[in-house]
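Trainee: Pasting model_26.pdb here (PDB, C-alpha atoms):
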MODEL        1
ATOM      1  CA  MET A   1     -21.664 -11.841  27.258
ATOM      2  CA  THR A   2     -19.204 -13.758  25.062
ATOM      3  CA  ALA A   3     -17.972 -10.525  23.472
ATOM      4  CA  LEU A   4     -17.500  -8.988  26.908
ATOM      5  CA  VAL A   5     -15.437 -11.950  28.127
ATOM      6  CA  LEU A   6     -13.311 -11.882  24.983
ATOM      7  CA  ALA A   7     -12.771  -8.134  25.332
ATOM      8  CA  LEU A   8     -11.696  -8.488  28.967
ATOM      9  CA  ALA A   9      -9.347 -11.394  28.219
ATOM     10  CA  ALA A  10      -7.762  -9.722  25.183
ATOM     11  CA  GLY A  11      -7.429  -6.437  27.061
ATOM     12  CA  ALA A  12      -5.589  -8.125  29.912
ATOM     13  CA  VAL A  13      -3.074  -9.677  27.493
ATOM     14  CA  VAL A  14      -2.528  -6.337  25.746
ATOM     15  CA  GLY A  15      -1.963  -4.577  29.060
ATOM     16  CA  VAL A  16       0.551  -7.145  30.270
ATOM     17  CA  ALA A  17       2.465  -6.871  26.983
ATOM     18  CA  LEU A  18       2.680  -3.090  27.204
ATOM     19  CA  GLY A  19       3.605  -3.078  30.870
ATOM     20  CA  ALA A  20       6.260  -5.780  30.558
ATOM     21  CA  LEU A  21       7.708  -5.051  27.109
ATOM     22  CA  GLY A  22       6.998  -1.368  26.529
ATOM     23  CA  GLY A  23       5.246  -2.284  23.291
ATOM     24  CA  GLY A  24       3.371  -4.965  21.452
ATOM     25  CA  GLY A  25      -0.032  -4.058  22.809
ATOM     26  CA  SER A  26      -1.383  -2.711  19.544
ATOM     27  CA  VAL A  27       0.045  -5.608  17.548
ATOM     28  CA  LEU A  28      -2.108  -7.887  19.668
ATOM     29  CA  ALA A  29      -5.036  -5.481  20.009
ATOM     30  CA  VAL A  30      -5.691  -4.994  16.285
ATOM     31  CA  PRO A  31      -5.996  -8.736  15.440
ATOM     32  CA  ALA A  32      -8.126  -9.297  18.554
ATOM     33  CA  LEU A  33     -10.481  -6.462  17.626
ATOM     34  CA  ILE A  34     -10.809  -7.745  14.052
ATOM     35  CA  TYR A  35     -10.957 -11.529  14.470
ATOM     36  CA  LEU A  36     -12.413 -11.924  17.959
ATOM     37  CA  LEU A  37     -14.687  -8.897  18.250
ATOM     38  CA  GLY A  38     -15.690  -8.297  14.625
ATOM     39  CA  LEU A  39     -14.461  -4.743  13.990
ATOM     40  CA  THR A  40     -13.372  -3.679  10.519
ATOM     41  CA  PRO A  41      -9.615  -3.072  10.050
ATOM     42  CA  ALA A  42     -10.197   0.696   9.871
ATOM     43  CA  ALA A  43     -12.268   0.748  13.062
ATOM     44  CA  ALA A  44      -9.889  -1.687  14.782
ATOM     45  CA  THR A  45      -6.844   0.516  14.159
ATOM     46  CA  THR A  46      -8.634   3.546  15.609
ATOM     47  CA  ALA A  47      -9.916   1.570  18.592
ATOM     48  CA  SER A  48      -6.425   0.186  19.126
ATOM     49  CA  LEU A  49      -5.004   3.697  19.318
ATOM     50  CA  LEU A  50      -7.560   4.660  21.971
ATOM     51  CA  ILE A  51      -6.816   1.564  24.035
ATOM     52  CA  VAL A  52      -3.054   1.768  23.650
ATOM     53  CA  THR A  53      -2.949   5.477  24.523
ATOM     54  CA  ALA A  54      -4.764   4.969  27.822
ATOM     55  CA  THR A  55      -2.759   1.858  28.680
ATOM     56  CA  SER A  56       0.599   3.332  27.713
ATOM     57  CA  LEU A  57       0.077   6.383  29.907
ATOM     58  CA  THR A  58      -0.699   4.070  32.823
ATOM     59  CA  ALA A  59       2.377   1.921  32.206
ATOM     60  CA  LEU A  60       4.519   5.040  31.684
ATOM     61  CA  THR A  61       3.586   6.235  35.154
ATOM     62  CA  ALA A  62       4.703   2.944  36.694
ATOM     63  CA  HIS A  63       8.020   2.862  34.817
ATOM     64  CA  ALA A  64       8.720   6.532  35.527
ATOM     65  CA  ARG A  65       8.426   5.852  39.253
ATOM     66  CA  ALA A  66      11.004   3.082  38.847
ATOM     67  CA  GLY A  67      13.394   5.409  36.999
ATOM     68  CA  ASN A  68      13.189   3.494  33.707
ATOM     69  CA  VAL A  69      12.377   6.452  31.422
ATOM     70  CA  ARG A  70      15.033   8.397  29.476
ATOM     71  CA  TRP A  71      12.992  11.589  29.218
ATOM     72  CA  ARG A  72      15.304  13.583  26.941
ATOM     73  CA  ALA A  73      15.765  10.845  24.338
ATOM     74  CA  GLY A  74      12.109   9.853  24.571
ATOM     75  CA  ALA A  75      10.930  13.428  24.040
ATOM     76  CA  LEU A  76      13.144  13.741  20.955
ATOM     77  CA  LEU A  77      11.827  10.490  19.494
ATOM     78  CA  ALA A  78       8.241  11.502  20.219
ATOM     79  CA  ALA A  79       8.592  15.025  18.808
ATOM     80  CA  ALA A  80      10.128  13.730  15.581
ATOM     81  CA  GLY A  81       7.226  11.329  15.121
ATOM     82  CA  LEU A  82       4.301  13.711  15.676
ATOM     83  CA  LEU A  83       3.935  15.091  12.135
ATOM     84  CA  PRO A  84       4.570  11.732  10.389
ATOM     85  CA  ALA A  85       2.013  10.092  12.688
ATOM     86  CA  ALA A  86      -0.637  12.698  11.901
ATOM     87  CA  ALA A  87       0.009  12.608   8.138
ATOM     88  CA  ALA A  88       0.017   8.815   7.945
ATOM     89  CA  GLY A  89      -3.115   8.626  10.088
ATOM     90  CA  ALA A  90      -4.980  10.795   7.591
ATOM     91  CA  ALA A  91      -3.729   8.647   4.689
ATOM     92  CA  ALA A  92      -4.762   5.402   6.392
ATOM     93  CA  THR A  93      -8.460   6.299   6.190
ATOM     94  CA  ARG A  94      -8.214   6.212   2.375
ATOM     95  CA  LEU A  95      -6.479   2.840   1.979
ATOM     96  CA  PRO A  96      -8.290  -0.469   1.234
ATOM     97  CA  GLN A  97      -8.773  -2.752   4.247
ATOM     98  CA  ALA A  98      -6.824  -5.599   2.644
ATOM     99  CA  VAL A  99      -3.823  -3.295   2.189
ATOM    100  CA  LEU A 100      -3.927  -2.255   5.851
ATOM    101  CA  THR A 101      -4.167  -5.874   7.000
ATOM    102  CA  GLY A 102      -1.320  -7.023   4.758
ATOM    103  CA  ALA A 103       0.933  -4.122   5.710
ATOM    104  CA  PHE A 104       0.253  -4.725   9.371
ATOM    105  CA  ALA A 105       1.171  -8.405   9.021
ATOM    106  CA  VAL A 106       4.448  -7.624   7.249
ATOM    107  CA  VAL A 107       5.487  -5.018   9.824
ATOM    108  CA  ALA A 108       4.603  -7.371  12.673
ATOM    109  CA  GLY A 109       6.751 -10.098  11.126
ATOM    110  CA  VAL A 110       9.715  -7.759  10.707
ATOM    111  CA  ALA A 111       9.337  -6.615  14.313
ATOM    112  CA  ALA A 112       9.312 -10.230  15.519
ATOM    113  CA  VAL A 113      12.566 -10.949  13.698
ATOM    114  CA  LEU A 114      14.149  -7.797  15.148
ATOM    115  CA  MET A 115      13.119  -8.812  18.637
ATOM    116  CA  LEU A 116      14.501 -12.334  18.200
ATOM    117  CA  ARG A 117      17.809 -11.023  16.877
ATOM    118  CA  ALA A 118      18.230  -8.220  19.407
ATOM    119  CA  THR A 119      21.003  -8.851  21.905
ATOM    120  CA  PRO A 120      21.584  -7.056  25.185
ATOM    121  CA  ALA A 121      23.861  -4.076  24.672
ATOM    122  CA  ARG A 122      25.985  -2.070  27.055
ATOM    123  CA  SER A 123      23.796   0.762  28.242
ATOM    124  CA  THR A 124      24.482   4.080  26.561
ATOM    125  CA  PRO A 125      24.536   7.217  28.775
ATOM    126  CA  ALA A 126      21.662   9.592  28.027
ATOM    127  CA  SER A 127      24.139  12.303  26.969
ATOM    128  CA  ALA A 128      25.641   9.988  24.322
ATOM    129  CA  VAL A 129      22.424   9.549  22.323
ATOM    130  CA  ARG A 130      22.869  11.076  18.864
ATOM    131  CA  PRO A 131      20.022  13.543  18.146
ATOM    132  CA  VAL A 132      19.967  12.939  14.367
ATOM    133  CA  ARG A 133      19.758   9.173  14.775
ATOM    134  CA  ALA A 134      17.095   9.470  17.465
ATOM    135  CA  ALA A 135      15.033  11.896  15.353
ATOM    136  CA  GLY A 136      15.173   9.602  12.309
ATOM    137  CA  THR A 137      14.072   6.648  14.387
ATOM    138  CA  GLY A 138      11.233   8.690  15.892
ATOM    139  CA  ALA A 139       9.969   9.845  12.496
ATOM    140  CA  GLY A 140       9.796   6.289  11.191
ATOM    141  CA  LEU A 141       7.966   5.074  14.269
ATOM    142  CA  GLY A 142       5.503   7.949  14.017
ATOM    143  CA  ALA A 143       4.654   7.123  10.411
ATOM    144  CA  LEU A 144       3.972   3.493  11.281
ATOM    145  CA  THR A 145       1.815   4.566  14.206
ATOM    146  CA  GLY A 146      -0.405   6.700  12.038
ATOM    147  CA  LEU A 147      -0.660   4.273   9.128
ATOM    148  CA  LEU A 148      -1.249   1.006  10.965
ATOM    149  CA  GLY A 149      -2.879   2.144  14.196
ATOM    150  CA  VAL A 150      -0.020   0.862  16.328
ATOM    151  CA  GLY A 151       1.758   2.677  19.095
ATOM    152  CA  GLY A 152       5.128   1.733  17.652
ATOM    153  CA  GLY A 153       6.489   0.223  20.837
ATOM    154  CA  PHE A 154       7.027  -3.208  19.308
ATOM    155  CA  LEU A 155       9.478  -1.483  16.951
ATOM    156  CA  ALA A 156      10.639   1.176  19.398
ATOM    157  CA  VAL A 157      12.043  -1.303  21.906
ATOM    158  CA  PRO A 158      14.240  -3.157  19.354
ATOM    159  CA  ALA A 159      15.296   0.210  17.897
ATOM    160  CA  LEU A 160      16.242   1.610  21.294
ATOM    161  CA  VAL A 161      18.185  -1.552  22.143
ATOM    162  CA  THR A 162      19.961  -2.074  18.811
ATOM    163  CA  VAL A 163      20.242   1.433  17.330
ATOM    164  CA  LEU A 164      20.583   3.604  20.440
ATOM    165  CA  ALA A 165      22.099   0.914  22.708
ATOM    166  CA  PHE A 166      19.645   1.277  25.606
ATOM    167  CA  GLU A 167      19.519  -1.502  28.152
ATOM    168  CA  MET A 168      16.196  -3.343  28.161
ATOM    169  CA  ARG A 169      14.488  -1.678  31.117
ATOM    170  CA  ALA A 170      15.335   1.830  29.865
ATOM    171  CA  ALA A 171      14.122   0.874  26.384
ATOM    172  CA  VAL A 172      10.808  -0.394  27.775
ATOM    173  CA  GLY A 173      10.156   2.705  29.866
ATOM    174  CA  THR A 174      11.223   5.184  27.190
ATOM    175  CA  SER A 175       9.206   3.475  24.468
ATOM    176  CA  LEU A 176       6.029   4.077  26.478
ATOM    177  CA  LEU A 177       6.613   7.825  26.251
ATOM    178  CA  VAL A 178       6.994   7.532  22.473
ATOM    179  CA  ILE A 179       3.891   5.338  22.174
ATOM    180  CA  SER A 180       1.726   7.774  24.129
ATOM    181  CA  ALA A 181       2.760  10.802  22.065
ATOM    182  CA  ASN A 182       2.497   9.052  18.681
ATOM    183  CA  SER A 183      -0.891   7.532  19.480
ATOM    184  CA  LEU A 184      -2.335  10.879  20.548
ATOM    185  CA  ALA A 185      -1.045  12.533  17.352
ATOM    186  CA  SER A 186      -2.552   9.821  15.167
ATOM    187  CA  LEU A 187      -5.876   9.936  17.019
ATOM    188  CA  ALA A 188      -6.140  13.647  16.294
ATOM    189  CA  THR A 189      -6.533  12.833  12.583
ATOM    190  CA  ARG A 190      -9.080  10.055  13.117
ATOM    191  CA  GLY A 191     -11.761  11.890  15.093
ATOM    192  CA  ALA A 192     -14.382  11.423  12.375
ATOM    193  CA  THR A 193     -14.136   7.631  12.528
ATOM    194  CA  THR A 194     -14.640   7.232  16.275
ATOM    195  CA  ALA A 195     -18.421   7.306  15.847
ATOM    196  CA  GLU A 196     -18.213   3.890  14.166
ATOM    197  CA  LEU A 197     -16.560   2.225  17.153
ATOM    198  CA  GLY A 198     -18.264  -0.261  19.450
ATOM    199  CA  TRP A 199     -17.785   1.389  22.825
ATOM    200  CA  ALA A 200     -19.491  -1.485  24.630
ATOM    201  CA  VAL A 201     -16.500  -3.602  23.586
ATOM    202  CA  ILE A 202     -13.764  -0.976  23.692
ATOM    203  CA  ALA A 203     -14.475   0.235  27.239
ATOM    204  CA  PRO A 204     -14.004  -3.157  28.975
ATOM    205  CA  PHE A 205     -11.073  -3.934  26.657
ATOM    206  CA  ALA A 206      -9.342  -0.705  27.707
ATOM    207  CA  GLY A 207     -10.176  -1.197  31.383
ATOM    208  CA  ALA A 208      -8.669  -4.687  31.438
ATOM    209  CA  ALA A 209      -5.612  -3.444  29.545
ATOM    210  CA  ILE A 210      -4.981  -0.654  32.064
ATOM    211  CA  LEU A 211      -5.123  -3.111  34.957
ATOM    212  CA  GLY A 212      -2.938  -5.571  33.043
ATOM    213  CA  ALA A 213      -0.284  -2.897  32.518
ATOM    214  CA  TRP A 214       0.438  -2.820  36.256
ATOM    215  CA  ASP A 215       0.794  -6.612  36.289
ATOM    216  CA  GLY A 216       3.107  -6.379  33.283
ATOM    217  CA  LYS A 217       5.327  -3.892  35.088
ATOM    218  CA  ARG A 218       5.648  -6.300  38.048
ATOM    219  CA  LEU A 219       6.340  -9.193  35.666
ATOM    220  CA  ALA A 220       9.120  -7.241  33.977
ATOM    221  CA  ALA A 221      10.860  -6.862  37.318
ATOM    222  CA  LYS A 222      10.850 -10.632  37.916
ATOM    223  CA  VAL A 223      11.558 -12.141  34.475
ATOM    224  CA  SER A 224      14.590 -11.436  32.311
ATOM    225  CA  GLY A 225      14.119  -9.078  29.395
ATOM    226  CA  THR A 226      15.522 -11.675  27.006
ATOM    227  CA  ALA A 227      12.936 -14.291  27.993
ATOM    228  CA  LEU A 228      10.058 -11.813  27.691
ATOM    229  CA  ARG A 229      11.270 -10.555  24.327
ATOM    230  CA  ARG A 230      11.654 -14.025  22.827
ATOM    231  CA  ALA A 231       8.264 -15.238  24.040
ATOM    232  CA  PHE A 232       6.567 -12.206  22.597
ATOM    233  CA  ALA A 233       8.445 -12.488  19.286
ATOM    234  CA  VAL A 234       7.211 -16.048  18.788
ATOM    235  CA  ALA A 235       3.605 -14.972  19.418
ATOM    236  CA  LEU A 236       4.106 -12.041  17.066
ATOM    237  CA  LEU A 237       5.305 -14.310  14.262
ATOM    238  CA  ALA A 238       2.176 -16.438  14.619
ATOM    239  CA  VAL A 239      -0.080 -13.370  14.470
ATOM    240  CA  SER A 240       1.808 -12.059  11.442
ATOM    241  CA  ALA A 241       1.476 -15.330   9.539
ATOM    242  CA  PHE A 242      -2.252 -15.586  10.259
ATOM    243  CA  MET A 243      -3.006 -12.004   9.194
ATOM    244  CA  LEU A 244      -0.883 -12.222   6.053
ATOM    245  CA  ALA A 245      -2.674 -15.401   5.008
ATOM    246  CA  ASP A 246      -6.023 -13.696   5.629
ATOM    247  CA  ALA A 247      -5.021 -10.684   3.529
ATOM    248  CA  LEU A 248      -3.806 -12.815   0.601
ATOM    249  CA  TRP A 249      -6.560 -15.405   0.601
TER     250      TRP A 249
ENDMDL
END
Have the structure of the file written as structure tokens, please.

Mentor:
Amino acid sequence: MTALVLALAAGAVVGVALGALGGGGSVLAVPALIYLLGLTPAAATTASLLIVTATSLTALTAHARAGNVRWRAGALLAAAGLLPAAAAGAAATRLPQAVLTGAFAVVAGVAAVLMLRATPARSTPASAVRPVRAAGTGAGLGALTGLLGVGGGFLAVPALVTVLAFEMRAAVGTSLLVISANSLASLATRGATTAELGWAVIAPFAGAAILGAWDGKRLAAKVSGTALRRAFAVALLAVSAFMLADALW
């Protein structure tokens, strides 16, 4: 019963993060699956991809209805990341668990700093997005998705705001499209490991996350993007520090 309660609580937090911020769900899901629910890092990254894929598609639907998705730019980012995500996902199954944990912690810390430093930018028209820059950003996000079992949204949102000059709501909605595509591509290379997963934990986790995504979308409409981003960045720094310490000691 304790594991079920923990799975439901963690899933709700992950869903709210994805719905409100367009990312960050996997950065919270992986530590929760490892430290609260006892999965190995390899199993946790695969489980995270399953959970984040289902939740991101739900949140994407909500943001699309609100007109927050830049479909053309998002499709370009997603397409550029598909092959890197698949290749990195295959490589991740061969890496030591301590390496995966340490790399995850470092990337989470960098993402937190990016989110703290990001400043609102004047929204760029969809036609002004540079294809080469968008493709390069998408390829990098895809590689991180496959290697670390993250959807990439916690990096996609800062990248869309700072590199492509999207306003926050468009960045959140568009990142969900990228997350969904990258997660599906990475999952395609991890099919053999899904037998090791604890579905009794993953199913309620995913269910709570999907419901939380709708609450996150409503929260995003009421709270400023700056406040949400800063609160999440602080939590992300704490998670990064804890996981890095665990990997080193």

Trainee: By how many Å are atom CA of A:Gly19 and atom CA of A:Gly212 apart?

Mentor: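 Result for atom CA of A:Gly19 versus atom CA of A:Gly212: 7.3 Å, one decimal.
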
Trainee: What's the 12 Å shell around A:Leu248, counting all atoms listed in the file, without same-chain residues fewer than 6 positions away, as a ChimeraX atom specification?

Mentor: /A:97-103,105-106,241-242

Trainee: Could you tell me which of A:Leu36, A:Ala181, A:Val107, A:Leu244 comes closest to A:Leu49 if we count all atoms listed in the file?

Mentor: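 Going through A:Leu36, A:Ala181, A:Val107, A:Leu244 one by one, the smallest distance to A:Leu49 is for A:Ala181.
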
Trainee: Suppose a student applies the PyMOL selection byres ((chain A and resi 147) around 6) to this structure; what residues should they get, written as a list of chain:residue names?

Mentor: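 Residues picked by the PyMOL selection byres ((chain A and resi 147) around 6): A:Ala88, A:Gly89, A:Ala92, A:Leu144, A:Thr145, A:Gly146, A:Leu148, A:Gly149.
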
Trainee: Nearest to A:Leu21 among A:Val223, A:Ala86, A:Val172, A:Ala111, with distances taken over only C-alpha atoms: which residue is it?

Mentor: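 Checking each of A:Val223, A:Ala86, A:Val172, A:Ala111 against A:Leu21, counting only C-alpha atoms, the winner is A:Val172.
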
Trainee: Can you pull out the residues contacting A:Gly25? Cut-off 7 Å, using only C-alpha atoms, and skip same-chain residues under 4 positions away; I want them as an mmCIF file with C-alpha atoms, keeping the file's coordinate frame.

Mentor:
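The new file selection22.cif reads:
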data_model
loop_
_atom_site.group_PDB
_atom_site.id
_atom_site.type_symbol
_atom_site.label_atom_id
_atom_site.label_comp_id
_atom_site.auth_asym_id
_atom_site.auth_seq_id
_atom_site.Cartn_x
_atom_site.Cartn_y
_atom_site.Cartn_z
ATOM 1 C CA VAL A 14 -2.528 -6.337 25.746
ATOM 2 C CA GLY A 15 -1.963 -4.577 29.060
ATOM 3 C CA ALA A 17 2.465 -6.871 26.983
ATOM 4 C CA LEU A 18 2.680 -3.090 27.204
ATOM 5 C CA ALA A 29 -5.036 -5.481 20.009
ATOM 6 C CA VAL A 52 -3.054 1.768 23.650
#

Trainee: Give the answer as one residue: which of A:Pro31, A:Pro158, A:Pro204, A:Gly136 has the shortest atom-to-atom distance to A:Pro84, using all atoms listed in the file?

Mentor: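 Ranked by minimum distance to A:Pro84, first place goes to A:Gly136.
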
Trainee: Which residues would end up in the selection if the PyMOL selection byres ((chain A and resi 69) around 7) were applied here, given that I need the answer as JSON, numbers by chain?

Mentor: {"A": [63, 64, 67, 68, 70, 71, 170, 173, 174]}

Trainee: Show which residues sit within 12 Å of A:Ala227, as a PDB file with C-alpha atoms, in the coordinates of the input. Count only C-alpha atoms, and ignore same-chain residues fewer than 4 positions away.

Mentor:
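Output file result-v2.pdb follows:
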ATOM      1  CA  ALA A  20       6.260  -5.780  30.558  1.00  0.00           C
ATOM      2  CA  LEU A  21       7.708  -5.051  27.109  1.00  0.00           C
ATOM      3  CA  MET A 115      13.119  -8.812  18.637  1.00  0.00           C
ATOM      4  CA  LEU A 116      14.501 -12.334  18.200  1.00  0.00           C
ATOM      5  CA  ALA A 118      18.230  -8.220  19.407  1.00  0.00           C
ATOM      6  CA  THR A 119      21.003  -8.851  21.905  1.00  0.00           C
ATOM      7  CA  PRO A 120      21.584  -7.056  25.185  1.00  0.00           C
ATOM      8  CA  MET A 168      16.196  -3.343  28.161  1.00  0.00           C
ATOM      9  CA  LEU A 219       6.340  -9.193  35.666  1.00  0.00           C
ATOM     10  CA  ALA A 220       9.120  -7.241  33.977  1.00  0.00           C
ATOM     11  CA  LYS A 222      10.850 -10.632  37.916  1.00  0.00           C
ATOM     12  CA  VAL A 223      11.558 -12.141  34.475  1.00  0.00           C
ATOM     13  CA  ALA A 231       8.264 -15.238  24.040  1.00  0.00           C
ATOM     14  CA  PHE A 232       6.567 -12.206  22.597  1.00  0.00           C
ATOM     15  CA  ALA A 233       8.445 -12.488  19.286  1.00  0.00           C
ATOM     16  CA  VAL A 234       7.211 -16.048  18.788  1.00  0.00           C
TER      17      VAL A 234
END

Trainee: Assuming the chain letters and numbering stay as they are in my file, what does the PyMOL selection byres ((chain A and resi 53) around 9) actually select? List them as a PDB file with C-alpha atoms, in the frame of the given file.

Mentor:
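Written out: part27.pdb:
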ATOM      1  CA  SER A  48      -6.425   0.186  19.126  1.00  0.00           C
ATOM      2  CA  LEU A  49      -5.004   3.697  19.318  1.00  0.00           C
ATOM      3  CA  LEU A  50      -7.560   4.660  21.971  1.00  0.00           C
ATOM      4  CA  ILE A  51      -6.816   1.564  24.035  1.00  0.00           C
ATOM      5  CA  VAL A  52      -3.054   1.768  23.650  1.00  0.00           C
ATOM      6  CA  ALA A  54      -4.764   4.969  27.822  1.00  0.00           C
ATOM      7  CA  THR A  55      -2.759   1.858  28.680  1.00  0.00           C
ATOM      8  CA  SER A  56       0.599   3.332  27.713  1.00  0.00           C
ATOM      9  CA  LEU A  57       0.077   6.383  29.907  1.00  0.00           C
ATOM     10  CA  THR A  58      -0.699   4.070  32.823  1.00  0.00           C
ATOM     11  CA  GLY A 151       1.758   2.677  19.095  1.00  0.00           C
ATOM     12  CA  ILE A 179       3.891   5.338  22.174  1.00  0.00           C
ATOM     13  CA  SER A 180       1.726   7.774  24.129  1.00  0.00           C
ATOM     14  CA  ALA A 181       2.760  10.802  22.065  1.00  0.00           C
ATOM     15  CA  ASN A 182       2.497   9.052  18.681  1.00  0.00           C
ATOM     16  CA  SER A 183      -0.891   7.532  19.480  1.00  0.00           C
ATOM     17  CA  LEU A 184      -2.335  10.879  20.548  1.00  0.00           C
TER      18      LEU A 184
END

Trainee: Rank A:Ala44, A:Ala79, A:Leu37, A:Val132 by their smallest atom-to-atom distance to A:Leu177, using only C-alpha atoms, and report the top residue only.

Mentor: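 The closest residue to A:Leu177 is A:Ala79.
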
Trainee: Using all atoms listed in the file, which residue out of A:Leu155, A:Val113, A:Ala206, A:Ala3 lies closest to A:Val27?

Mentor: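 Using all atoms listed in the file, the shortest distance to A:Val27 belongs to A:Leu155.
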
Trainee: Distance atom CA of A:Gly22-atom CA of A:Ala203, one decimal place?

Mentor: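 That distance, rounded to one decimal, is 21.5 Å.
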
Trainee: Please list as a ChimeraX atom specification every residue within 9 Å of A:Ile34, counting all atoms listed in the file and excluding residues in the same chain fewer than 6 positions away.

Mentor: /A:40-41,43-44

Trainee: Please, what distance in Å, to one decimal, runs between atom CA of A:Leu164 and atom CA of A:Ala134?

Mentor: 7.4 Å

Trainee: With distances taken over all atoms listed in the file, which residue among A:Ala143, A:Val161, A:Val178, A:Ile202 lies nearest A:Ala87?

Mentor: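 Using all atoms listed in the file, the shortest distance to A:Ala87 belongs to A:Ala143.
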
Trainee: Please list as a list of chain:residue names every residue within 12 Å of A:Arg133, counting all atoms listed in the file and excluding residues in the same chain fewer than 3 positions away.

Mentor: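 So, after excluding close chain neighbours, the residues are A:Ala73, A:Leu76, A:Leu77, A:Ala80, A:Ala128, A:Val129, A:Arg130, A:Gly136, A:Thr137, A:Gly138, A:Ala139, A:Gly140, A:Ala159, A:Leu160, A:Thr162, A:Val163, A:Leu164, A:Ala165.
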